[in-house]
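**Student:** Input file: model00.pdb. Contents: PDB, N, CA and C atoms.
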```pdb
MODEL        1
ATOM      1  N   MET A   1      -4.276  27.053  52.714
ATOM      2  CA  MET A   1      -3.549  26.123  51.868
ATOM      3  C   MET A   1      -4.264  24.769  51.920
ATOM      4  N   PRO A   2      -4.485  24.136  50.782
ATOM      5  CA  PRO A   2      -5.190  22.850  50.771
ATOM      6  C   PRO A   2      -4.391  21.767  51.501
ATOM      7  N   GLU A   3      -5.104  20.799  52.028
ATOM      8  CA  GLU A   3      -4.485  19.734  52.825
ATOM      9  C   GLU A   3      -3.541  18.868  51.988
ATOM     10  N   TYR A   4      -3.901  18.583  50.724
ATOM     11  CA  TYR A   4      -3.039  17.723  49.900
ATOM     12  C   TYR A   4      -1.710  18.399  49.582
ATOM     13  N   THR A   5      -1.694  19.733  49.514
ATOM     14  CA  THR A   5      -0.448  20.452  49.255
ATOM     15  C   THR A   5       0.469  20.363  50.471
ATOM     16  N   THR A   6      -0.088  20.532  51.652
ATOM     17  CA  THR A   6       0.700  20.447  52.883
ATOM     18  C   THR A   6       1.258  19.048  53.065
ATOM     19  N   LEU A   7       0.440  18.043  52.792
ATOM     20  CA  LEU A   7       0.881  16.659  52.943
ATOM     21  C   LEU A   7       2.006  16.324  51.973
ATOM     22  N   SER A   8       1.898  16.782  50.730
ATOM     23  CA  SER A   8       2.945  16.471  49.754
ATOM     24  C   SER A   8       4.240  17.211  50.085
ATOM     25  N   ARG A   9       4.143  18.440  50.589
ATOM     26  CA  ARG A   9       5.352  19.165  50.976
ATOM     27  C   ARG A   9       6.030  18.501  52.171
ATOM     28  N   THR A  10       5.238  18.068  53.142
ATOM     29  CA  THR A  10       5.804  17.408  54.318
ATOM     30  C   THR A  10       6.458  16.089  53.924
ATOM     31  N   THR A  11       5.812  15.328  53.065
ATOM     32  CA  THR A  11       6.366  14.056  52.609
ATOM     33  C   THR A  11       7.646  14.287  51.799
ATOM     34  N   GLY A  12       7.626  15.277  50.927
ATOM     35  CA  GLY A  12       8.815  15.586  50.133
ATOM     36  C   GLY A  12       9.983  16.019  50.994
ATOM     37  N   ALA A  13       9.710  16.868  51.999
ATOM     38  CA  ALA A  13      10.775  17.314  52.901
ATOM     39  C   ALA A  13      11.323  16.147  53.710
ATOM     40  N   THR A  14      10.459  15.254  54.126
ATOM     41  CA  THR A  14      10.905  14.087  54.898
ATOM     42  C   THR A  14      11.780  13.182  54.046
ATOM     43  N   VAL A  15      11.373  12.934  52.828
ATOM     44  CA  VAL A  15      12.155  12.074  51.933
ATOM     45  C   VAL A  15      13.520  12.699  51.647
ATOM     46  N   LEU A  16      13.545  13.995  51.360
ATOM     47  CA  LEU A  16      14.820  14.663  51.103
ATOM     48  C   LEU A  16      15.737  14.627  52.321
ATOM     49  N   THR A  17      15.174  14.788  53.500
ATOM     50  CA  THR A  17      15.977  14.717  54.722
ATOM     51  C   THR A  17      16.559  13.322  54.911
ATOM     52  N   LEU A  18      15.753  12.296  54.683
ATOM     53  CA  LEU A  18      16.249  10.923  54.825
ATOM     54  C   LEU A  18      17.334  10.605  53.805
ATOM     55  N   VAL A  19      17.190  11.096  52.587
ATOM     56  CA  VAL A  19      18.212  10.879  51.562
ATOM     57  C   VAL A  19      19.510  11.580  51.949
ATOM     58  N   ALA A  20      19.396  12.809  52.471
ATOM     59  CA  ALA A  20      20.591  13.540  52.890
ATOM     60  C   ALA A  20      21.300  12.829  54.043
ATOM     61  N   VAL A  21      20.547  12.302  54.991
ATOM     62  CA  VAL A  21      21.142  11.571  56.115
ATOM     63  C   VAL A  21      21.814  10.295  55.619
ATOM     64  N   ALA A  22      21.182   9.587  54.695
ATOM     65  CA  ALA A  22      21.774   8.362  54.150
ATOM     66  C   ALA A  22      23.061   8.665  53.396
ATOM     67  N   CYS A  23      23.083   9.751  52.626
ATOM     68  CA  CYS A  23      24.299  10.130  51.891
ATOM     69  C   CYS A  23      25.418  10.510  52.857
ATOM     70  N   ALA A  24      25.082  11.245  53.905
ATOM     71  CA  ALA A  24      26.094  11.633  54.887
ATOM     72  C   ALA A  24      26.652  10.407  55.598
ATOM     73  N   ALA A  25      25.788   9.453  55.936
ATOM     74  CA  ALA A  25      26.251   8.234  56.598
ATOM     75  C   ALA A  25      27.146   7.419  55.664
ATOM     76  N   GLY A  26      26.786   7.334  54.397
ATOM     77  CA  GLY A  26      27.609   6.609  53.436
ATOM     78  C   GLY A  26      28.965   7.264  53.237
ATOM     79  N   LEU A  27      28.981   8.582  53.165
ATOM     80  CA  LEU A  27      30.235   9.302  53.016
ATOM     81  C   LEU A  27      31.117   9.121  54.248
ATOM     82  N   ALA A  28      30.522   9.194  55.429
ATOM     83  CA  ALA A  28      31.300   9.000  56.657
ATOM     84  C   ALA A  28      31.886   7.597  56.710
ATOM     85  N   ASP A  29      31.113   6.600  56.301
ATOM     86  CA  ASP A  29      31.599   5.225  56.295
ATOM     87  C   ASP A  29      32.737   5.049  55.289
ATOM     88  N   ALA A  30      32.594   5.656  54.112
ATOM     89  CA  ALA A  30      33.649   5.559  53.094
ATOM     90  C   ALA A  30      34.938   6.209  53.575
ATOM     91  N   LEU A  31      34.817   7.367  54.204
ATOM     92  CA  LEU A  31      36.011   8.041  54.720
ATOM     93  C   LEU A  31      36.645   7.256  55.858
ATOM     94  N   ARG A  32      35.813   6.633  56.694
ATOM     95  CA  ARG A  32      36.337   5.828  57.799
ATOM     96  C   ARG A  32      37.085   4.610  57.264
ATOM     97  N   ARG A  33      36.540   3.970  56.250
ATOM     98  CA  ARG A  33      37.215   2.806  55.656
ATOM     99  C   ARG A  33      38.527   3.200  54.998
ATOM    100  N   ARG A  34      38.513   4.332  54.329
ATOM    101  CA  ARG A  34      39.724   4.790  53.651
ATOM    102  C   ARG A  34      40.811   5.122  54.665
ATOM    103  N   ARG A  35      40.440   5.777  55.748
ATOM    104  CA  ARG A  35      41.412   6.137  56.765
ATOM    105  C   ARG A  35      42.008   4.882  57.385
ATOM    106  N   GLY A  36      41.208   3.870  57.632
ATOM    107  CA  GLY A  36      41.700   2.623  58.219
ATOM    108  C   GLY A  36      42.596   1.850  57.273
ATOM    109  N   ARG A  37      42.361   1.973  55.973
ATOM    110  CA  ARG A  37      43.136   1.215  54.992
ATOM    111  C   ARG A  37      44.512   1.829  54.752
ATOM    112  N   THR A  38      44.616   3.156  54.818
ATOM    113  CA  THR A  38      45.882   3.791  54.488
ATOM    114  C   THR A  38      46.850   3.830  55.661
ATOM    115  N   ARG A  39      46.372   3.622  56.864
ATOM    116  CA  ARG A  39      47.236   3.670  58.027
ATOM    117  C   ARG A  39      47.921   2.318  58.213
ATOM    118  N   ALA A  40      49.249   2.285  58.131
ATOM    119  CA  ALA A  40      50.008   1.041  58.260
ATOM    120  C   ALA A  40      50.473   0.879  59.703
ATOM    121  N   PRO A  41      50.489  -0.349  60.211
ATOM    122  CA  PRO A  41      50.979  -0.569  61.571
ATOM    123  C   PRO A  41      52.481  -0.309  61.652
ATOM    124  N   GLU A  42      52.934  -0.006  62.842
ATOM    125  CA  GLU A  42      54.358   0.237  63.053
ATOM    126  C   GLU A  42      55.122  -1.079  62.886
ATOM    127  N   PRO A  43      56.162  -1.080  62.053
ATOM    128  CA  PRO A  43      56.927  -2.328  61.860
ATOM    129  C   PRO A  43      57.759  -2.660  63.100
ATOM    130  N   PHE A  44      57.820  -3.959  63.426
ATOM    131  CA  PHE A  44      58.559  -4.392  64.606
ATOM    132  C   PHE A  44      60.008  -4.716  64.277
ATOM    133  N   ASP A  45      60.230  -5.235  63.099
ATOM    134  CA  ASP A  45      61.599  -5.565  62.733
ATOM    135  C   ASP A  45      61.825  -5.257  61.252
ATOM    136  N   GLU A  46      62.999  -5.524  60.783
ATOM    137  CA  GLU A  46      63.380  -5.177  59.416
ATOM    138  C   GLU A  46      62.546  -5.925  58.374
ATOM    139  N   ALA A  47      62.217  -7.202  58.620
ATOM    140  CA  ALA A  47      61.451  -7.991  57.656
ATOM    141  C   ALA A  47      60.042  -7.423  57.500
ATOM    142  N   VAL A  48      59.424  -7.041  58.593
ATOM    143  CA  VAL A  48      58.078  -6.473  58.532
ATOM    144  C   VAL A  48      58.121  -5.117  57.834
ATOM    145  N   ARG A  49      59.142  -4.310  58.115
ATOM    146  CA  ARG A  49      59.262  -3.008  57.479
ATOM    147  C   ARG A  49      59.426  -3.159  55.965
ATOM    148  N   ARG A  50      60.243  -4.129  55.520
ATOM    149  CA  ARG A  50      60.422  -4.357  54.089
ATOM    150  C   ARG A  50      59.123  -4.805  53.431
ATOM    151  N   GLN A  51      58.365  -5.629  54.132
ATOM    152  CA  GLN A  51      57.109  -6.112  53.579
ATOM    153  C   GLN A  51      56.138  -4.941  53.378
ATOM    154  N   HIS A  52      56.106  -4.007  54.310
ATOM    155  CA  HIS A  52      55.201  -2.866  54.182
ATOM    156  C   HIS A  52      55.656  -1.891  53.111
ATOM    157  N   THR A  53      56.949  -1.743  52.906
ATOM    158  CA  THR A  53      57.425  -0.771  51.919
ATOM    159  C   THR A  53      57.407  -1.335  50.505
ATOM    160  N   THR A  54      57.450  -2.649  50.334
ATOM    161  CA  THR A  54      57.466  -3.224  48.995
ATOM    162  C   THR A  54      56.142  -3.861  48.621
ATOM    163  N   GLY A  55      55.129  -3.760  49.465
ATOM    164  CA  GLY A  55      53.838  -4.375  49.173
ATOM    165  C   GLY A  55      53.105  -3.652  48.062
ATOM    166  N   HIS A  56      52.049  -4.262  47.580
ATOM    167  CA  HIS A  56      51.257  -3.708  46.491
ATOM    168  C   HIS A  56      50.385  -2.574  47.016
ATOM    169  N   THR A  57      50.362  -1.464  46.300
ATOM    170  CA  THR A  57      49.498  -0.352  46.644
ATOM    171  C   THR A  57      48.248  -0.460  45.792
ATOM    172  N   PRO A  58      47.051  -0.481  46.405
ATOM    173  CA  PRO A  58      45.827  -0.595  45.614
ATOM    174  C   PRO A  58      45.593   0.668  44.790
ATOM    175  N   HIS A  59      45.080   0.473  43.572
ATOM    176  CA  HIS A  59      44.803   1.585  42.677
ATOM    177  C   HIS A  59      43.304   1.779  42.568
ATOM    178  N   GLY A  60      42.909   2.941  42.124
ATOM    179  CA  GLY A  60      41.495   3.216  41.921
ATOM    180  C   GLY A  60      40.828   3.671  43.200
ATOM    181  N   ALA A  61      39.514   3.768  43.162
ATOM    182  CA  ALA A  61      38.748   4.209  44.319
ATOM    183  C   ALA A  61      38.787   3.128  45.388
ATOM    184  N   PRO A  62      39.172   3.457  46.611
ATOM    185  CA  PRO A  62      39.304   2.440  47.644
ATOM    186  C   PRO A  62      37.969   1.896  48.130
ATOM    187  N   VAL A  63      36.871   2.546  47.799
ATOM    188  CA  VAL A  63      35.567   2.113  48.284
ATOM    189  C   VAL A  63      34.965   1.038  47.389
ATOM    190  N   ILE A  64      35.269   1.083  46.100
ATOM    191  CA  ILE A  64      34.678   0.151  45.146
ATOM    192  C   ILE A  64      35.532  -1.108  45.097
ATOM    193  N   PRO A  65      34.958  -2.283  45.382
ATOM    194  CA  PRO A  65      35.759  -3.509  45.331
ATOM    195  C   PRO A  65      36.108  -3.877  43.897
ATOM    196  N   ARG A  66      37.186  -4.614  43.742
ATOM    197  CA  ARG A  66      37.571  -5.061  42.408
ATOM    198  C   ARG A  66      36.585  -6.098  41.895
ATOM    199  N   GLN A  67      36.406  -6.124  40.591
ATOM    200  CA  GLN A  67      35.487  -7.090  40.007
ATOM    201  C   GLN A  67      36.148  -8.457  39.976
ATOM    202  N   ARG A  68      35.357  -9.453  40.262
ATOM    203  CA  ARG A  68      35.858 -10.818  40.223
ATOM    204  C   ARG A  68      35.419 -11.447  38.912
ATOM    205  N   ARG A  69      36.303 -12.245  38.355
ATOM    206  CA  ARG A  69      35.969 -12.909  37.106
ATOM    207  C   ARG A  69      35.244 -14.197  37.430
ATOM    208  N   THR A  70      33.974 -14.261  37.059
ATOM    209  CA  THR A  70      33.188 -15.442  37.364
ATOM    210  C   THR A  70      32.841 -16.251  36.120
ATOM    211  N   GLY A  71      33.101 -15.700  34.953
ATOM    212  CA  GLY A  71      32.756 -16.403  33.722
ATOM    213  C   GLY A  71      33.783 -17.456  33.354
ATOM    214  N   SER A  72      33.587 -18.029  32.212
ATOM    215  CA  SER A  72      34.517 -19.045  31.747
ATOM    216  C   SER A  72      35.823 -18.400  31.301
ATOM    217  N   HIS A  73      36.836 -19.190  31.179
ATOM    218  CA  HIS A  73      38.127 -18.686  30.718
ATOM    219  C   HIS A  73      38.035 -18.304  29.252
ATOM    220  N   GLY A  74      38.992 -17.510  28.801
ATOM    221  CA  GLY A  74      38.992 -17.071  27.409
ATOM    222  C   GLY A  74      39.006 -18.249  26.452
ATOM    223  N   GLU A  75      38.280 -18.092  25.393
ATOM    224  CA  GLU A  75      38.200 -19.172  24.419
ATOM    225  C   GLU A  75      39.045 -18.824  23.194
ATOM    226  N   ALA A  76      39.552 -19.835  22.561
ATOM    227  CA  ALA A  76      40.349 -19.641  21.353
ATOM    228  C   ALA A  76      39.768 -20.514  20.247
ATOM    229  N   VAL A  77      39.733 -19.950  19.054
ATOM    230  CA  VAL A  77      39.221 -20.683  17.897
ATOM    231  C   VAL A  77      40.345 -20.767  16.882
ATOM    232  N   ARG A  78      40.628 -21.957  16.435
ATOM    233  CA  ARG A  78      41.677 -22.134  15.434
ATOM    234  C   ARG A  78      41.087 -21.855  14.056
ATOM    235  N   LEU A  79      41.791 -20.994  13.306
ATOM    236  CA  LEU A  79      41.335 -20.636  11.964
ATOM    237  C   LEU A  79      42.144 -21.387  10.919
ATOM    238  N   THR A  80      41.476 -21.679   9.833
ATOM    239  CA  THR A  80      42.177 -22.293   8.708
ATOM    240  C   THR A  80      42.969 -21.200   7.998
ATOM    241  N   PRO A  81      43.939 -21.569   7.169
ATOM    242  CA  PRO A  81      44.689 -20.543   6.429
ATOM    243  C   PRO A  81      43.785 -19.646   5.582
ATOM    244  N   ALA A  82      42.741 -20.206   4.971
ATOM    245  CA  ALA A  82      41.826 -19.404   4.150
ATOM    246  C   ALA A  82      41.076 -18.393   5.023
ATOM    247  N   GLU A  83      40.672 -18.832   6.197
ATOM    248  CA  GLU A  83      39.977 -17.915   7.098
ATOM    249  C   GLU A  83      40.918 -16.813   7.594
ATOM    250  N   ARG A  84      42.161 -17.169   7.870
ATOM    251  CA  ARG A  84      43.147 -16.162   8.294
ATOM    252  C   ARG A  84      43.362 -15.125   7.202
ATOM    253  N   ASP A  85      43.454 -15.570   5.942
ATOM    254  CA  ASP A  85      43.633 -14.647   4.824
ATOM    255  C   ASP A  85      42.405 -13.737   4.665
ATOM    256  N   ALA A  86      41.232 -14.308   4.789
ATOM    257  CA  ALA A  86      40.010 -13.509   4.668
ATOM    258  C   ALA A  86      39.940 -12.467   5.792
ATOM    259  N   PHE A  87      40.343 -12.846   6.972
ATOM    260  CA  PHE A  87      40.360 -11.911   8.090
ATOM    261  C   PHE A  87      41.374 -10.793   7.858
ATOM    262  N   ALA A  88      42.534 -11.125   7.323
ATOM    263  CA  ALA A  88      43.553 -10.112   7.028
ATOM    264  C   ALA A  88      43.033  -9.117   5.993
ATOM    265  N   VAL A  89      42.322  -9.605   4.974
ATOM    266  CA  VAL A  89      41.741  -8.719   3.962
ATOM    267  C   VAL A  89      40.706  -7.800   4.619
ATOM    268  N   LEU A  90      39.894  -8.332   5.486
ATOM    269  CA  LEU A  90      38.885  -7.535   6.174
ATOM    270  C   LEU A  90      39.514  -6.442   7.035
ATOM    271  N   VAL A  91      40.575  -6.786   7.727
ATOM    272  CA  VAL A  91      41.270  -5.815   8.562
ATOM    273  C   VAL A  91      41.874  -4.706   7.704
ATOM    274  N   ARG A  92      42.450  -5.073   6.568
ATOM    275  CA  ARG A  92      43.017  -4.069   5.657
ATOM    276  C   ARG A  92      41.936  -3.141   5.129
ATOM    277  N   ARG A  93      40.772  -3.677   4.819
ATOM    278  CA  ARG A  93      39.670  -2.833   4.310
ATOM    279  C   ARG A  93      39.218  -1.847   5.378
ATOM    280  N   PHE A  94      39.134  -2.314   6.596
ATOM    281  CA  PHE A  94      38.750  -1.401   7.679
ATOM    282  C   PHE A  94      39.810  -0.334   7.879
ATOM    283  N   GLY A  95      41.071  -0.701   7.718
ATOM    284  CA  GLY A  95      42.163   0.257   7.872
ATOM    285  C   GLY A  95      42.170   1.321   6.780
ATOM    286  N   GLU A  96      41.719   0.948   5.597
ATOM    287  CA  GLU A  96      41.675   1.894   4.487
ATOM    288  C   GLU A  96      40.483   2.832   4.574
ATOM    289  N   GLY A  97      39.491   2.465   5.361
ATOM    290  CA  GLY A  97      38.303   3.313   5.511
ATOM    291  C   GLY A  97      37.201   3.014   4.532
ATOM    292  N   ASP A  98      37.222   1.864   3.901
ATOM    293  CA  ASP A  98      36.155   1.503   2.940
ATOM    294  C   ASP A  98      34.917   1.033   3.646
TER     295      ASP A  98
ENDMDL
END
```
What does the file become when written as structure tokens?
**Tutor:**
Amino acid sequence: MPEYTTLSRTTGATVLTLVAVACAAGLADALRRRRGRTRAPEPFDEAVRRQHTTGHTPHGAPVIPRQRRTGSHGEAVRLTPAERDAFAVLVRRFGEGD
């Protein structure tokens, strides 16, 4: 077997092994984080118990953080009556399928 074939197979096997180990480590970390997040501490009194039972439950994948809004706030443009009428006509045309 030529030397370049052996070298490429060894390199390919090494890369695949490293990728598999990285994926396994990431999965283990995700499962560990999820397990820690879902386990609630034992409530000491009635107020703490109520806080745990009425608190917000996170939705979606627990591993992916929520996106933060970093852009500017929503902008509003005031339209003149003529522009509002033209927009209404445009919306009607789109609704009709023209």
**Student:** Which value, in Å to one decimal, gives the distance between CA of Ala30 (chain A) and CA of Gln67 (chain A)?
**Tutor:** 18.3 Å
**Student:** Report the distance between atom N of Glu83 (chain A) and atom N of Gly95 (chain A) in Å, rounded to one decimal place.
**Tutor:**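 If I compute the distance from atom N of Glu83 (chain A) to atom N of Gly95 (chain A), I get 18.2 Å.
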**Student:** For CA of Leu79 (chain A) and CA of Val91 (chain A), quote the distance in Å rounded to one decimal.
**Tutor:**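 Going from CA of Leu79 (chain A) over to CA of Val91 (chain A), I get 15.2 Å.
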**Student:** Please determine an axis-aligned box that encloses all atoms of region 81-95 of chain A listed in the file, with 5 Å added on each side, and express its centre and edge lengths in Å to one decimal as lines of an AutoDock Vina configuration file.
**Tutor:**
```
center_x = 41.7
center_y = -10.1
center_z = 6.3
size_x = 15.9
size_y = 32.9
size_z = 14.6
```
